[in-house]
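Enquirer: Let me begin by handing over the structure; questions about it come next.
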Amino acid sequence: MRRLGQLAERTPAGRERYVDLLRALAITMVVAGHWGVTVIGRDPAGRPTGHSALADLPWAYPLTWLAQVMPVFFLVGGYANAASLTRHRARGGDGAGWLLDRSARLVRPTSALLLVLTVAAALGRLRGTDPSHLRTVIWYATIPLWFLVAYLLVVALTPPMYALHRRYGLAVPLALVALVALGDLGRLTGPTTLAAGSYLFGWLAVHQLGFAWYDARTPATGPPSGPSGPSETAPPERAETAEPHPPSGSDRPGVRRRRLPTSRPTALALLVGGLAALILLTVAGPWPVAMLKVPGERMDNASPPSLALLALAAAQLGLILLLRDPARRWLRRPRPWRVVIAVNLVVLTVFLWHLTAAVLLIGMLDAVGLLPTPRVGSAAWWGWRVPWLLLLAVVLAVLVAVFGPIETRSARHRTGRRIRRAGRVRAALTIAGYAAVIGGLLVNSATPKAAPEPLGTPVPALAAYLAGAGVLRLLRSGWESRG
C-alpha cells in the first residue's frame with residue numbers, strides 16, 4: 001500500500017488518468033465476463049468440461065453489447081502506443097528500438113504463462129494423461145492468447161501506421177472499416193476468405209482512433225512531465241500517457257484530420273449513430289445480435305471483427321468521450337487513483353492467467369468431489385454464480401501474487417533503458433524475433449482444442465515462440481553489440 005501511495009503522489013500532472021481507468025475496466029470486464037458465462041459439465045468419460053452459457057441464454061444477447069469491451073482495450077492501446085512512440089522518438093530512438101523496448105512488458109509475462117503450462121502438461125503426460133485431453137485443458141487456458149496475437153500485431157505495426165495517421169488522419173480507419181465491410185460481404189455471400197484480413201483490419205481501425213485521440217490532446221490537458229519523460233515510479237508501462245503533447249499547428253479539414261473531435265456534440269453523434277447502426281445491422285440486418293462468440297451461430301461478430309462490432313466501438317467511443325470530464329475529476333481523488341494504479345501494475349498478468357485460474361479451481365473442486373454441474377439457467381446455476389466468481393477471484397489473486405512481479409519488473413527495466421537507435425542488423429533481428437513470437441502464438445491459437453499434443457501446446461508453436469522471445473531478450477541485453 002505504501003508503494004501505491006508513492007506512485008499516486010508522484011503521478012505527473014499531465015498524465016491522462018482516464019486512459020488507465022479505461023484499461024483497468026476493460027480487462028476487469030473481460031475477466032468477469034469469461035468467468036460469468038462459463039458452464040461446467042462432464043464428458044462421457046466423466047471428466048469436467050467447460051463451454052459458454054450464451055447458447056442457452058438467447059435473452060442475454062443484447063447484454064453482450066455491454067460485455068464486449070475489447071474495442072476499448074484497443075482504443076486505449078492506440079493512445080498509449082502513440083504516446084510511447086512519440087516519447088521514444090523524442091529521445092532519439094527509432095521504430096525498431098521502440099518495438100524491442102515494448103516487447104519486454106508484453107513478452108515476458110506471456111513466456112511465464114506458456115512455460116508453466118508446458119511444464120504442467122509434461123507432468124500430466126508422464127502420469128499417463130491422454131494428449132488430446134491435455135490439449136483441451138491448455139487450449140482453454142490459452143484462449144486469452146488469441147486476442148494477444150491481434151494486439152501484438154497492431155503493436156508491431158504502430159510505427160508505420162502512426163506515420164500513415166500523421167499523413168492521412170481519420171481516412172486510415174475509414175479505409176480499414178471499408179475492408180472489414182468487404183470481409184463481411186464475403187462471410188455473408190461468399191467467398192469467406194475475404195474476411196481473413198478482418199482479424200487485423202478491424203482491430204487496427206480501433207487502434208487508429210486511439211492515435212487520433214492522442215493527437216487531440218491540447219496543453220489544456222495538463223503540462224508535460226518534462227523533457228526526459230515521467231518518473232520511473234509512475235505506474236509501469238503506462239507512464240507514456242503523460243508524455244509531451246503531439247506537434248501543434250492547424251489540422252487538416254475533413255477525413256484527413258489527425259485529431260479526433262472530442263466535443264460533446266461529436267460524442268453524442270458517435271454514441272447515437274453507433275447504436276443506430278448497431279441496431280440496424282443486427283435487428284434489421286443479417287449480423288448476429290450477440291457481440292461475443294455463441295456456439296452454433298453462423299457468424300461471429302468478434303472473430304474476426306465485423307461491421308456490427310465496429311458500430312459498437314463507435315458507440316463506446318462516444319460514451320467514453322461523454323464521461324471523460326467527470327471521470328477525470330473522480331480520478332483526482334487519491335483512493336480511486338490508487339486502485340487504478342494497482343490494477344494497471346499487473347493488468348496483463350490478470351488477463352493472461354484468468355482462465356488458468358478457472359482450470360485450477362475446476363480441477364481442485366473436482367478432486368475433492370465438490371464440483372457442481374447445474375443446468376444452465378436453473379436456480380442452482382444462478383446461485384452458484386456468486387461463490388464461483390469469489391473463488392475464482394481468490395485463485396487469480398494467488399496467481400497474480402506469484403507471477404505479477406514479472407510484469408512489474410519488466411516495466412521497470414523498460415522505462416529505465418538508455419535510448420539508442422537500432423542498426424540494420426538489430427532492427428532485422430528485432431522484427432524476426434517479434435514475428436516468431438506472433439507466429440508461435442498464432443499456431444497455438446489455430447490448433448484444434450482436441451489435437452493430440454503431448455505438451456498441450458504444439459511443439460512447433462512453442463519452439464517458434466521461445467526462439468523469438470530468446471532473440472528479443474538477447475537484443476534487450478545488448479548482446480549483439482558486445483565485443
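Every chain in the C-alpha cells has a letter given in the order shown (A, B, ...), and although residue numbers restart at 1 in each chain, ligands are simply numbered from 1 in the order shown.
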Give me, as JSON, numbers by chain, all polymer residues having an atom no more than 9 Å from Val255 of chain A, counting only C-alpha atoms and skipping those fewer than 4 positions away in the same chain.
Expert: {"A": [168, 169, 170, 171, 172, 174]}
Enquirer: Keeping C-alpha atoms for every residue in the selection just given, could you write it to a file as a PDB file, in the first residue's frame?
Expert:
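Okay, this is what ended up in out03.pdb:
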ATOM      1  CA  TYR A 168      -3.894  10.785 -43.822  1.00  0.00           C
ATOM      2  CA  GLY A 169      -5.572  11.103 -40.423  1.00  0.00           C
ATOM      3  CA  LEU A 170      -9.043   9.657 -39.984  1.00  0.00           C
ATOM      4  CA  ALA A 171      -9.089   8.467 -43.594  1.00  0.00           C
ATOM      5  CA  VAL A 172      -6.986   5.484 -42.452  1.00  0.00           C
ATOM      6  CA  LEU A 174     -12.301   4.690 -42.563  1.00  0.00           C
TER       7      LEU A 174
END
Enquirer: Give me, as a ChimeraX atom specification, all polymer residues having an atom no more than 9 Å from Tyr61 of chain A, counting only C-alpha atoms and skipping those fewer than 2 positions away in the same chain.
Expert: /A:54,57-59,63-65,288-292
Enquirer: Write out as a PyMOL selection string each polymer residue whose atoms come within 8 Å of Phe351 of chain A, counting only C-alpha atoms; drop sequence neighbours fewer than 4 positions from it.
Expert: chain A and resi 27+30-31+144+347
Enquirer: Selected residues, N, CA and C atoms, written as a PDB file, in the first residue's frame, please.
Expert:
ATOM      1  N   ILE A  27     -10.216  -4.744 -18.922  1.00  0.00           N
ATOM      2  CA  ILE A  27      -9.693  -6.070 -18.568  1.00  0.00           C
ATOM      3  C   ILE A  27     -10.528  -6.709 -17.470  1.00  0.00           C
ATOM      4  N   VAL A  30     -13.617  -8.105 -19.079  1.00  0.00           N
ATOM      5  CA  VAL A  30     -13.316  -9.315 -19.857  1.00  0.00           C
ATOM      6  C   VAL A  30     -13.217 -10.516 -18.933  1.00  0.00           C
ATOM      7  N   VAL A  31     -12.482 -10.352 -17.844  1.00  0.00           N
ATOM      8  CA  VAL A  31     -12.303 -11.446 -16.888  1.00  0.00           C
ATOM      9  C   VAL A  31     -13.638 -11.866 -16.293  1.00  0.00           C
ATOM     10  N   PRO A 144      -6.912 -16.458 -23.908  1.00  0.00           N
ATOM     11  CA  PRO A 144      -6.513 -15.044 -23.960  1.00  0.00           C
ATOM     12  C   PRO A 144      -5.421 -14.746 -24.988  1.00  0.00           C
ATOM     13  N   VAL A 347      -1.955  -5.627 -15.058  1.00  0.00           N
ATOM     14  CA  VAL A 347      -3.123  -5.791 -15.917  1.00  0.00           C
ATOM     15  C   VAL A 347      -2.952  -6.931 -16.912  1.00  0.00           C
TER      16      VAL A 347
END
Enquirer: May I ask which of the residues A:Trp381, A:Tyr465, A:Phe403, A:Trp98 is the closest one to Tyr434 of chain A, counting only C-alpha atoms?
Expert: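 The answer is A:Tyr465, which sits nearest to Tyr434 of chain A.
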Enquirer: Please return, as a compact mmCIF listing (two decimals) with C-alpha atoms, in the first residue's frame, all residues of segment 20-113 of chain A that DSSP assigns to strand (DSSP E or B) on the basis of the backbone.
Expert:
# COMPACT_ATOMS: atom_id res chain seq x y z
CA THR A 38 -18.72 -20.45 -18.05
CA VAL A 39 -20.73 -23.65 -17.81
CA ILE A 40 -19.17 -26.73 -16.23
CA GLY A 41 -20.28 -30.16 -17.40
CA ARG A 42 -18.80 -33.61 -17.84
CA PRO A 48 -15.01 -31.88 -16.31
CA THR A 49 -15.64 -29.79 -19.43
CA GLY A 50 -16.43 -26.14 -19.95
CA HIS A 51 -18.34 -24.11 -22.50
CA SER A 52 -20.20 -20.82 -22.87
Enquirer: Could you go through segment 57-282 of chain A and tell me which residues DSSP, when run on the backbone, assigns to alpha helix (DSSP H), listing them as a VMD selection string?
Expert: chain A and resid 64 to 67 70 to 90 95 to 126 131 to 141 144 to 156 158 to 168 171 to 189 198 to 215 264 to 279
Enquirer: Just the residues within 12 Å of Leu194 of chain A, please, counting only C-alpha atoms, with nothing from its chain fewer than 5 positions along; format it as a list in words.
Expert: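 In the requested form, the answer reads Leu179, Val180, Ala181, Leu182, Gly183, Asp184, Leu185, Gly186, Arg187, Leu188, Thr189, Tyr199, Phe201 and Pro304 of chain A.
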Enquirer: Nearest to Ile320 of chain A: which of A:Ala26, A:Trp384, A:Thr192, A:Asn344 is it, counting only C-alpha atoms?
Expert: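 Of all the options, A:Ala26 lies closest to Ile320 of chain A.
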Enquirer: Taking 2 positions as the minimum chain separation for residues in the same chain, which residues sit within 12 Å of Thr142 of chain A when counting only C-alpha atoms? Answer as a PyMOL selection string.
Expert: chain A and resi 110-111+113-118+135-140+144-149+351-359+441-447+449+456-457
Enquirer: Please write the residues from the selection above to a file, keeping N, CA and C atoms, as a JSON list (two decimals), in the first residue's frame.
Expert:
[["chain", "number", "residue", "atom", "x", "y", "z"],
["A", 110, "THR", "N", 3.93, -13.34, -20.90],
["A", 110, "THR", "CA", 3.40, -14.40, -21.76],
["A", 110, "THR", "C", 4.30, -15.63, -21.72],
["A", 111, "SER", "N", 5.59, -15.41, -21.71],
["A", 111, "SER", "CA", 6.53, -16.53, -21.63],
["A", 111, "SER", "C", 6.33, -17.31, -20.34],
["A", 113, "LEU", "N", 3.58, -17.67, -18.62],
["A", 113, "LEU", "CA", 2.37, -18.48, -18.74],
["A", 113, "LEU", "C", 2.63, -19.73, -19.57],
["A", 114, "LEU", "N", 3.24, -19.57, -20.74],
["A", 114, "LEU", "CA", 3.47, -20.71, -21.63],
["A", 114, "LEU", "C", 4.40, -21.75, -20.99],
["A", 115, "LEU", "N", 5.43, -21.30, -20.34],
["A", 115, "LEU", "CA", 6.37, -22.24, -19.73],
["A", 115, "LEU", "C", 5.72, -23.02, -18.59],
["A", 116, "VAL", "N", 4.95, -22.34, -17.76],
["A", 116, "VAL", "CA", 4.28, -23.02, -16.66],
["A", 116, "VAL", "C", 3.28, -24.05, -17.19],
["A", 117, "LEU", "N", 2.49, -23.66, -18.19],
["A", 117, "LEU", "CA", 1.51, -24.58, -18.76],
["A", 117, "LEU", "C", 2.19, -25.76, -19.44],
["A", 118, "THR", "N", 3.32, -25.51, -20.10],
["A", 118, "THR", "CA", 4.04, -26.59, -20.76],
["A", 118, "THR", "C", 4.59, -27.59, -19.75],
["A", 135, "ARG", "N", -4.38, -31.21, -24.42],
["A", 135, "ARG", "CA", -4.54, -30.10, -25.36],
["A", 135, "ARG", "C", -5.82, -29.31, -25.05],
["A", 136, "THR", "N", -6.89, -30.02, -24.72],
["A", 136, "THR", "CA", -8.15, -29.33, -24.41],
["A", 136, "THR", "C", -7.99, -28.40, -23.22],
["A", 137, "VAL", "N", -7.30, -28.87, -22.19],
["A", 137, "VAL", "CA", -7.09, -28.04, -20.99],
["A", 137, "VAL", "C", -6.22, -26.83, -21.32],
["A", 138, "ILE", "N", -5.11, -27.07, -22.03],
["A", 138, "ILE", "CA", -4.20, -25.97, -22.37],
["A", 138, "ILE", "C", -4.87, -25.00, -23.35],
["A", 139, "TRP", "N", -5.67, -25.53, -24.26],
["A", 139, "TRP", "CA", -6.39, -24.67, -25.22],
["A", 139, "TRP", "C", -7.29, -23.70, -24.45],
["A", 140, "TYR", "N", -8.01, -24.21, -23.48],
["A", 140, "TYR", "CA", -8.90, -23.35, -22.69],
["A", 140, "TYR", "C", -8.10, -22.30, -21.93],
["A", 144, "PRO", "N", -6.91, -16.46, -23.91],
["A", 144, "PRO", "CA", -6.51, -15.04, -23.96],
["A", 144, "PRO", "C", -5.42, -14.75, -24.99],
["A", 145, "LEU", "N", -4.63, -15.75, -25.35],
["A", 145, "LEU", "CA", -3.54, -15.50, -26.29],
["A", 145, "LEU", "C", -4.05, -15.18, -27.69],
["A", 146, "TRP", "N", -5.30, -15.59, -27.99],
["A", 146, "TRP", "CA", -5.84, -15.26, -29.31],
["A", 146, "TRP", "C", -5.95, -13.75, -29.48],
["A", 147, "PHE", "N", -6.46, -13.04, -28.49],
["A", 147, "PHE", "CA", -6.56, -11.59, -28.58],
["A", 147, "PHE", "C", -5.19, -10.95, -28.41],
["A", 148, "LEU", "N", -4.31, -11.58, -27.66],
["A", 148, "LEU", "CA", -2.96, -11.03, -27.52],
["A", 148, "LEU", "C", -2.23, -11.06, -28.86],
["A", 149, "VAL", "N", -2.48, -12.09, -29.69],
["A", 149, "VAL", "CA", -1.87, -12.12, -31.02],
["A", 149, "VAL", "C", -2.27, -10.88, -31.81],
["A", 351, "PHE", "N", -5.06, -10.62, -17.15],
["A", 351, "PHE", "CA", -5.68, -11.08, -18.39],
["A", 351, "PHE", "C", -5.16, -12.46, -18.80],
["A", 352, "LEU", "N", -3.86, -12.65, -18.73],
["A", 352, "LEU", "CA", -3.27, -13.90, -19.19],
["A", 352, "LEU", "C", -3.67, -15.10, -18.33],
["A", 353, "TRP", "N", -3.78, -14.90, -17.03],
["A", 353, "TRP", "CA", -3.95, -16.02, -16.11],
["A", 353, "TRP", "C", -5.39, -16.26, -15.68],
["A", 354, "HIS", "N", -6.35, -15.47, -16.12],
["A", 354, "HIS", "CA", -7.68, -15.59, -15.53],
["A", 354, "HIS", "C", -8.38, -16.90, -15.90],
["A", 355, "LEU", "N", -8.10, -17.45, -17.08],
["A", 355, "LEU", "CA", -8.71, -18.74, -17.41],
["A", 355, "LEU", "C", -7.91, -19.91, -16.84],
["A", 356, "THR", "N", -6.62, -19.72, -16.62],
["A", 356, "THR", "CA", -5.85, -20.73, -15.89],
["A", 356, "THR", "C", -6.40, -20.85, -14.47],
["A", 357, "ALA", "N", -6.80, -19.73, -13.89],
["A", 357, "ALA", "CA", -7.42, -19.78, -12.56],
["A", 357, "ALA", "C", -8.68, -20.64, -12.59],
["A", 358, "ALA", "N", -9.47, -20.52, -13.66],
["A", 358, "ALA", "CA", -10.68, -21.34, -13.78],
["A", 358, "ALA", "C", -10.33, -22.82, -13.90],
["A", 359, "VAL", "N", -9.30, -23.14, -14.69],
["A", 359, "VAL", "CA", -8.86, -24.54, -14.83],
["A", 359, "VAL", "C", -8.44, -25.10, -13.48],
["A", 441, "LEU", "N", 2.40, -17.98, -31.27],
["A", 441, "LEU", "CA", 1.10, -17.82, -30.60],
["A", 441, "LEU", "C", -0.05, -18.06, -31.57],
["A", 442, "LEU", "N", 0.14, -17.65, -32.83],
["A", 442, "LEU", "CA", -0.91, -17.85, -33.82],
["A", 442, "LEU", "C", -1.13, -19.33, -34.12],
["A", 443, "VAL", "N", -0.04, -20.07, -34.25],
["A", 443, "VAL", "CA", -0.16, -21.51, -34.49],
["A", 443, "VAL", "C", -0.85, -22.19, -33.32],
["A", 444, "ASN", "N", -0.51, -21.79, -32.11],
["A", 444, "ASN", "CA", -1.17, -22.38, -30.94],
["A", 444, "ASN", "C", -2.66, -22.10, -30.95],
["A", 445, "SER", "N", -3.04, -20.86, -31.27],
["A", 445, "SER", "CA", -4.46, -20.50, -31.26],
["A", 445, "SER", "C", -5.23, -21.21, -32.37],
["A", 446, "ALA", "N", -4.56, -21.47, -33.49],
["A", 446, "ALA", "CA", -5.23, -22.11, -34.63],
["A", 446, "ALA", "C", -5.28, -23.62, -34.52],
["A", 447, "THR", "N", -4.54, -24.21, -33.61],
["A", 447, "THR", "CA", -4.53, -25.67, -33.45],
["A", 447, "THR", "C", -5.80, -26.13, -32.74],
["A", 449, "LYS", "N", -8.65, -27.76, -30.44],
["A", 449, "LYS", "CA", -8.53, -27.98, -28.99],
["A", 449, "LYS", "C", -8.46, -29.46, -28.62],
["A", 456, "GLY", "N", 0.58, -30.15, -24.70],
["A", 456, "GLY", "CA", -0.54, -29.22, -24.64],
["A", 456, "GLY", "C", -0.45, -28.17, -25.72],
["A", 457, "THR", "N", 0.67, -27.50, -25.81],
["A", 457, "THR", "CA", 0.96, -26.53, -26.86],
["A", 457, "THR", "C", 1.68, -27.24, -28.00]]
Enquirer: From the set A:Leu25, A:Leu275, A:Leu100, A:Leu310, which residue has the shortest atom-to-atom contact distance to Leu475 of chain A, counting only C-alpha atoms?
Expert: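 Nearest candidate to Leu475 of chain A out of A:Leu25, A:Leu275, A:Leu100, A:Leu310: A:Leu100.
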Enquirer: Hey, which of A:Ala141, A:Val69, A:Leu200, A:Ile438 ends up closest to Ile362 of chain A? Count only C-alpha atoms.
Expert: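 Ranking A:Ala141, A:Val69, A:Leu200, A:Ile438 by distance to Ile362 of chain A, first place goes to A:Ala141.
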